>>> print(open('final08.cif').read())   # mmCIF, N, CA, C and O atoms
data_structure
loop_
_atom_site.label_atom_id
_atom_site.label_comp_id
_atom_site.auth_asym_id
_atom_site.auth_seq_id
_atom_site.Cartn_x
_atom_site.Cartn_y
_atom_site.Cartn_z
N MET A 1 -6.14 -23.18 -58.06
CA MET A 1 -5.44 -22.91 -59.30
C MET A 1 -4.71 -24.18 -59.74
O MET A 1 -4.02 -24.81 -58.95
N ASN A 2 -4.85 -24.53 -61.01
CA ASN A 2 -4.18 -25.71 -61.54
C ASN A 2 -2.74 -25.39 -61.87
O ASN A 2 -2.43 -24.34 -62.44
N LYS A 3 -1.89 -26.30 -61.52
CA LYS A 3 -0.47 -26.15 -61.77
C LYS A 3 -0.08 -27.09 -62.92
O LYS A 3 -0.36 -28.28 -62.86
N ILE A 4 0.52 -26.54 -63.95
CA ILE A 4 0.94 -27.35 -65.09
C ILE A 4 2.41 -27.72 -64.90
O ILE A 4 3.27 -26.85 -64.75
N LEU A 5 2.66 -29.02 -64.90
CA LEU A 5 4.04 -29.50 -64.75
C LEU A 5 4.71 -29.61 -66.11
O LEU A 5 4.10 -30.04 -67.07
N GLU A 6 5.93 -29.21 -66.14
CA GLU A 6 6.73 -29.39 -67.35
C GLU A 6 7.55 -30.66 -67.16
O GLU A 6 8.44 -30.71 -66.32
N ILE A 7 7.18 -31.68 -67.92
CA ILE A 7 7.88 -32.95 -67.80
C ILE A 7 9.06 -32.99 -68.76
O ILE A 7 9.09 -32.27 -69.75
N PRO A 8 10.06 -33.82 -68.46
CA PRO A 8 11.21 -33.93 -69.36
C PRO A 8 10.78 -34.39 -70.75
O PRO A 8 9.86 -35.20 -70.90
N THR A 9 11.47 -33.87 -71.75
CA THR A 9 11.21 -34.27 -73.13
C THR A 9 11.75 -35.67 -73.36
O THR A 9 12.48 -36.22 -72.52
N THR A 10 11.44 -36.23 -74.50
CA THR A 10 11.95 -37.55 -74.86
C THR A 10 13.48 -37.56 -74.85
O THR A 10 14.10 -38.49 -74.34
N CYS A 11 14.07 -36.52 -75.39
CA CYS A 11 15.54 -36.42 -75.41
C CYS A 11 16.09 -36.34 -73.99
O CYS A 11 17.08 -36.98 -73.66
N GLN A 12 15.43 -35.56 -73.13
CA GLN A 12 15.89 -35.42 -71.75
C GLN A 12 15.76 -36.74 -71.00
O GLN A 12 16.66 -37.10 -70.23
N TRP A 13 14.65 -37.46 -71.22
CA TRP A 13 14.52 -38.79 -70.60
C TRP A 13 15.64 -39.71 -71.06
O TRP A 13 16.20 -40.48 -70.28
N HIS A 14 15.96 -39.63 -72.35
CA HIS A 14 17.02 -40.48 -72.92
C HIS A 14 18.36 -40.17 -72.23
O HIS A 14 19.09 -41.09 -71.86
N LEU A 15 18.66 -38.90 -72.04
CA LEU A 15 19.90 -38.52 -71.37
C LEU A 15 19.93 -39.03 -69.94
O LEU A 15 20.94 -39.61 -69.49
N ILE A 16 18.85 -38.81 -69.20
CA ILE A 16 18.78 -39.27 -67.81
C ILE A 16 18.96 -40.78 -67.74
O ILE A 16 19.76 -41.28 -66.93
N PHE A 17 18.24 -41.50 -68.58
CA PHE A 17 18.32 -42.96 -68.55
C PHE A 17 19.71 -43.45 -68.91
O PHE A 17 20.28 -44.30 -68.23
N THR A 18 20.27 -42.90 -69.98
CA THR A 18 21.58 -43.35 -70.46
C THR A 18 22.68 -43.11 -69.44
O THR A 18 23.50 -44.00 -69.17
N VAL A 19 22.69 -41.94 -68.83
CA VAL A 19 23.78 -41.57 -67.92
C VAL A 19 23.57 -42.13 -66.51
O VAL A 19 24.50 -42.68 -65.92
N TYR A 20 22.34 -42.02 -65.99
CA TYR A 20 22.14 -42.32 -64.58
C TYR A 20 21.48 -43.67 -64.28
O TYR A 20 21.70 -44.22 -63.22
N VAL A 21 20.67 -44.17 -65.18
CA VAL A 21 19.97 -45.43 -64.91
C VAL A 21 20.75 -46.60 -65.50
O VAL A 21 21.24 -47.46 -64.77
N ALA A 22 20.85 -46.65 -66.82
CA ALA A 22 21.54 -47.75 -67.48
C ALA A 22 23.06 -47.62 -67.36
O ALA A 22 23.77 -48.62 -67.45
N GLN A 23 23.53 -46.41 -67.17
CA GLN A 23 24.96 -46.13 -67.14
C GLN A 23 25.66 -46.76 -68.34
O GLN A 23 26.73 -47.35 -68.23
N SER A 24 25.02 -46.60 -69.50
CA SER A 24 25.51 -47.24 -70.72
C SER A 24 26.43 -46.34 -71.54
O SER A 24 26.98 -46.78 -72.54
N ALA A 25 26.60 -45.10 -71.11
CA ALA A 25 27.52 -44.20 -71.81
C ALA A 25 28.03 -43.16 -70.83
O ALA A 25 27.30 -42.73 -69.93
N THR A 26 29.25 -42.74 -71.03
CA THR A 26 29.83 -41.67 -70.23
C THR A 26 29.52 -40.34 -70.91
O THR A 26 29.09 -40.31 -72.08
N LEU A 27 29.75 -39.25 -70.21
CA LEU A 27 29.57 -37.94 -70.83
C LEU A 27 30.49 -37.79 -72.04
O LEU A 27 30.10 -37.21 -73.05
N GLY A 28 31.69 -38.31 -71.92
CA GLY A 28 32.63 -38.25 -73.04
C GLY A 28 32.11 -38.99 -74.26
O GLY A 28 32.26 -38.52 -75.39
N GLU A 29 31.50 -40.14 -74.03
CA GLU A 29 30.94 -40.90 -75.14
C GLU A 29 29.74 -40.18 -75.76
O GLU A 29 29.58 -40.15 -76.98
N LEU A 30 28.92 -39.57 -74.92
CA LEU A 30 27.78 -38.82 -75.44
C LEU A 30 28.24 -37.61 -76.25
O LEU A 30 27.57 -37.21 -77.20
N CYS A 31 29.37 -37.04 -75.87
CA CYS A 31 29.91 -35.89 -76.60
C CYS A 31 30.36 -36.27 -78.00
O CYS A 31 30.58 -35.40 -78.85
N GLU A 32 30.52 -37.55 -78.26
CA GLU A 32 30.94 -38.02 -79.58
C GLU A 32 29.79 -38.64 -80.36
O GLU A 32 29.98 -39.07 -81.50
N ASP A 33 28.61 -38.69 -79.78
CA ASP A 33 27.45 -39.31 -80.42
C ASP A 33 26.76 -38.28 -81.33
O ASP A 33 26.15 -37.32 -80.83
N PRO A 34 26.83 -38.47 -82.65
CA PRO A 34 26.25 -37.49 -83.58
C PRO A 34 24.75 -37.26 -83.36
O PRO A 34 24.26 -36.14 -83.53
N GLU A 35 24.02 -38.29 -82.97
CA GLU A 35 22.58 -38.16 -82.74
C GLU A 35 22.30 -37.23 -81.55
O GLU A 35 21.46 -36.34 -81.63
N ILE A 36 23.01 -37.45 -80.46
CA ILE A 36 22.85 -36.61 -79.27
C ILE A 36 23.29 -35.19 -79.57
O ILE A 36 22.62 -34.22 -79.20
N LEU A 37 24.42 -35.04 -80.25
CA LEU A 37 24.91 -33.71 -80.58
C LEU A 37 23.88 -32.94 -81.41
O LEU A 37 23.61 -31.77 -81.15
N GLY A 38 23.27 -33.62 -82.38
CA GLY A 38 22.27 -32.99 -83.22
C GLY A 38 21.06 -32.53 -82.42
O GLY A 38 20.53 -31.44 -82.63
N LYS A 39 20.63 -33.36 -81.47
CA LYS A 39 19.47 -33.01 -80.64
C LYS A 39 19.78 -31.82 -79.74
O LYS A 39 18.88 -31.09 -79.35
N LEU A 40 21.05 -31.63 -79.41
CA LEU A 40 21.44 -30.51 -78.55
C LEU A 40 21.89 -29.29 -79.35
O LEU A 40 22.34 -28.30 -78.78
N GLY A 41 21.78 -29.38 -80.67
CA GLY A 41 22.16 -28.25 -81.52
C GLY A 41 23.66 -28.09 -81.68
O GLY A 41 24.15 -26.99 -81.95
N LEU A 42 24.39 -29.18 -81.49
CA LEU A 42 25.84 -29.15 -81.60
C LEU A 42 26.31 -29.87 -82.86
O LEU A 42 25.58 -30.67 -83.43
N GLN A 43 27.53 -29.58 -83.25
CA GLN A 43 28.15 -30.26 -84.38
C GLN A 43 29.40 -30.98 -83.89
O GLN A 43 29.99 -30.61 -82.88
N THR A 44 29.79 -32.01 -84.64
CA THR A 44 30.98 -32.77 -84.24
C THR A 44 32.23 -31.89 -84.25
O THR A 44 33.19 -32.18 -83.55
N SER A 45 32.20 -30.80 -84.99
CA SER A 45 33.36 -29.90 -85.08
C SER A 45 33.49 -28.96 -83.88
O SER A 45 34.53 -28.33 -83.72
N HIS A 46 32.46 -28.87 -83.05
CA HIS A 46 32.56 -28.02 -81.87
C HIS A 46 33.60 -28.58 -80.90
O HIS A 46 33.88 -29.78 -80.89
N SER A 47 34.17 -27.72 -80.09
CA SER A 47 35.19 -28.14 -79.13
C SER A 47 34.59 -29.08 -78.08
O SER A 47 33.39 -29.04 -77.80
N VAL A 48 35.44 -29.91 -77.51
CA VAL A 48 35.01 -30.83 -76.47
C VAL A 48 34.44 -30.06 -75.28
O VAL A 48 33.43 -30.46 -74.69
N SER A 49 35.06 -28.95 -74.93
CA SER A 49 34.58 -28.18 -73.78
C SER A 49 33.18 -27.62 -74.05
O SER A 49 32.33 -27.62 -73.14
N LYS A 50 32.91 -27.17 -75.26
CA LYS A 50 31.57 -26.67 -75.58
C LYS A 50 30.56 -27.81 -75.53
O LYS A 50 29.46 -27.64 -74.98
N LYS A 51 30.91 -28.97 -76.09
CA LYS A 51 30.02 -30.12 -76.07
C LYS A 51 29.69 -30.52 -74.63
O LYS A 51 28.53 -30.75 -74.28
N ARG A 52 30.71 -30.60 -73.78
CA ARG A 52 30.50 -30.98 -72.38
C ARG A 52 29.65 -29.95 -71.64
O ARG A 52 28.78 -30.31 -70.85
N ARG A 53 29.90 -28.68 -71.90
CA ARG A 53 29.13 -27.62 -71.24
C ARG A 53 27.65 -27.72 -71.60
O ARG A 53 26.78 -27.71 -70.73
N ILE A 54 27.37 -27.85 -72.89
CA ILE A 54 25.98 -27.94 -73.35
C ILE A 54 25.32 -29.22 -72.84
O ILE A 54 24.17 -29.22 -72.40
N LEU A 55 26.06 -30.33 -72.87
CA LEU A 55 25.52 -31.59 -72.37
C LEU A 55 25.23 -31.51 -70.87
O LEU A 55 24.18 -31.95 -70.40
N ASN A 56 26.14 -30.92 -70.10
CA ASN A 56 25.92 -30.76 -68.66
C ASN A 56 24.71 -29.86 -68.39
O ASN A 56 23.93 -30.14 -67.48
N GLU A 57 24.56 -28.80 -69.16
CA GLU A 57 23.40 -27.93 -69.01
C GLU A 57 22.11 -28.69 -69.32
O GLU A 57 21.10 -28.52 -68.61
N ALA A 58 22.14 -29.50 -70.36
CA ALA A 58 20.95 -30.28 -70.74
C ALA A 58 20.61 -31.29 -69.64
O ALA A 58 19.43 -31.47 -69.30
N LEU A 59 21.60 -31.94 -69.08
CA LEU A 59 21.36 -32.88 -67.99
C LEU A 59 20.83 -32.17 -66.75
O LEU A 59 19.92 -32.66 -66.08
N GLU A 60 21.38 -31.02 -66.44
CA GLU A 60 20.94 -30.26 -65.28
C GLU A 60 19.47 -29.85 -65.44
O GLU A 60 18.67 -29.99 -64.50
N GLU A 61 19.10 -29.37 -66.62
CA GLU A 61 17.71 -28.99 -66.88
C GLU A 61 16.79 -30.22 -66.80
O GLU A 61 15.69 -30.15 -66.24
N SER A 62 17.25 -31.33 -67.34
CA SER A 62 16.46 -32.57 -67.32
C SER A 62 16.20 -33.02 -65.89
O SER A 62 15.07 -33.38 -65.54
N LEU A 63 17.23 -33.01 -65.08
CA LEU A 63 17.09 -33.44 -63.68
C LEU A 63 16.22 -32.47 -62.89
O LEU A 63 15.46 -32.88 -62.01
N ALA A 64 16.31 -31.18 -63.19
CA ALA A 64 15.48 -30.19 -62.49
C ALA A 64 14.00 -30.43 -62.81
O ALA A 64 13.15 -30.36 -61.91
N LYS A 65 13.69 -30.72 -64.07
CA LYS A 65 12.30 -31.01 -64.44
C LYS A 65 11.81 -32.28 -63.74
O LYS A 65 10.70 -32.33 -63.23
N LEU A 66 12.65 -33.30 -63.72
CA LEU A 66 12.29 -34.55 -63.07
C LEU A 66 12.05 -34.33 -61.57
O LEU A 66 11.09 -34.83 -61.01
N GLN A 67 12.90 -33.55 -60.94
CA GLN A 67 12.75 -33.26 -59.52
C GLN A 67 11.42 -32.57 -59.25
O GLN A 67 10.71 -32.92 -58.30
N LYS A 68 11.07 -31.58 -60.06
CA LYS A 68 9.79 -30.88 -59.86
C LYS A 68 8.61 -31.83 -60.00
O LYS A 68 7.65 -31.73 -59.24
N CYS A 69 8.70 -32.75 -60.95
CA CYS A 69 7.62 -33.72 -61.13
C CYS A 69 7.51 -34.64 -59.92
O CYS A 69 6.42 -34.94 -59.46
N LEU A 70 8.64 -35.07 -59.41
CA LEU A 70 8.64 -35.98 -58.27
C LEU A 70 8.17 -35.32 -56.99
O LEU A 70 7.58 -35.96 -56.12
N LEU A 71 8.41 -34.02 -56.86
CA LEU A 71 8.01 -33.31 -55.65
C LEU A 71 6.56 -32.84 -55.68
O LEU A 71 6.04 -32.38 -54.68
N SER A 72 5.93 -32.95 -56.84
CA SER A 72 4.54 -32.50 -56.96
C SER A 72 3.56 -33.56 -56.54
O SER A 72 3.77 -34.69 -56.52
#
>>> encode(input="final08.cif", output="structure tokens")
Amino acid sequence: MNKILEIPTTCQWHLIFTVYVAQSATLGELCEDPEILGKLGLQTSHSVSKKRRILNEALEESLAKLQKCLLS
């Protein structure tokens, strides 16, 4: 049986690279980036806690996909 891997999206790769590889932005800085917020379905008017929660969830999902790819 063929197994189809779900690879990280372009946005997820960008988050992984920015936070963990290049370390070019903090989570706080990403929470203020209108482009990132838009990709995550957030608005600048949302609370900081909501932005951080959604960003952390997006990073967690991104890393989980990457882990599955690496373990396959």
>>> residues_around(input="final08.cif", residues="Cys11 of chain A", least_positions_apart="5", cutoff="8 Å", atoms="all atoms listed in the file", output="PyMOL selection string")
chain A and resi 16-18+39+58+62
>>> residues_around(input="final08.cif", residues="Ile54 of chain A", least_positions_apart="3", cutoff="12 Å", atoms="only C-alpha atoms", output="count of residues only")
22
>>> select_by_dssp(input="final08.cif", residues="segment 30-64 of chain A", states="alpha helix (DSSP H)", output="ChimeraX atom specification")
/A:30,34-39,48-64
>>> residues_around(input="final08.cif", residues="segment 7-9 of chain A", least_positions_apart="6", cutoff="8 Å", atoms="only N, CA, C and O atoms", output="list of chain:residue names")
A:Leu15, A:Ile16, A:Glu61, A:Ser62, A:Leu63, A:Ala64, A:Lys65, A:Leu66, A:Lys68, A:Cys69
>>> atom_distance(input="final08.cif", atom1="atom O of Leu5 of chain A", atom2="atom CA of Gln67 of chain A")
11.9 Å
>>> atom_distance(input="final08.cif", atom1="atom CA of Thr44 of chain A", atom2="atom CA of Tyr20 of chain A")
23.6 Å
>>> atom_distance(input="final08.cif", atom1="atom CA of Gly28 of chain A", atom2="atom CA of Gln12 of chain A")
17.0 Å
>>> closest_residue(input="final08.cif", among="A:Thr10, A:Asp33, A:Ile4, A:Leu70", to="Leu55 of chain A", atoms="only C-alpha atoms")
A:Asp33
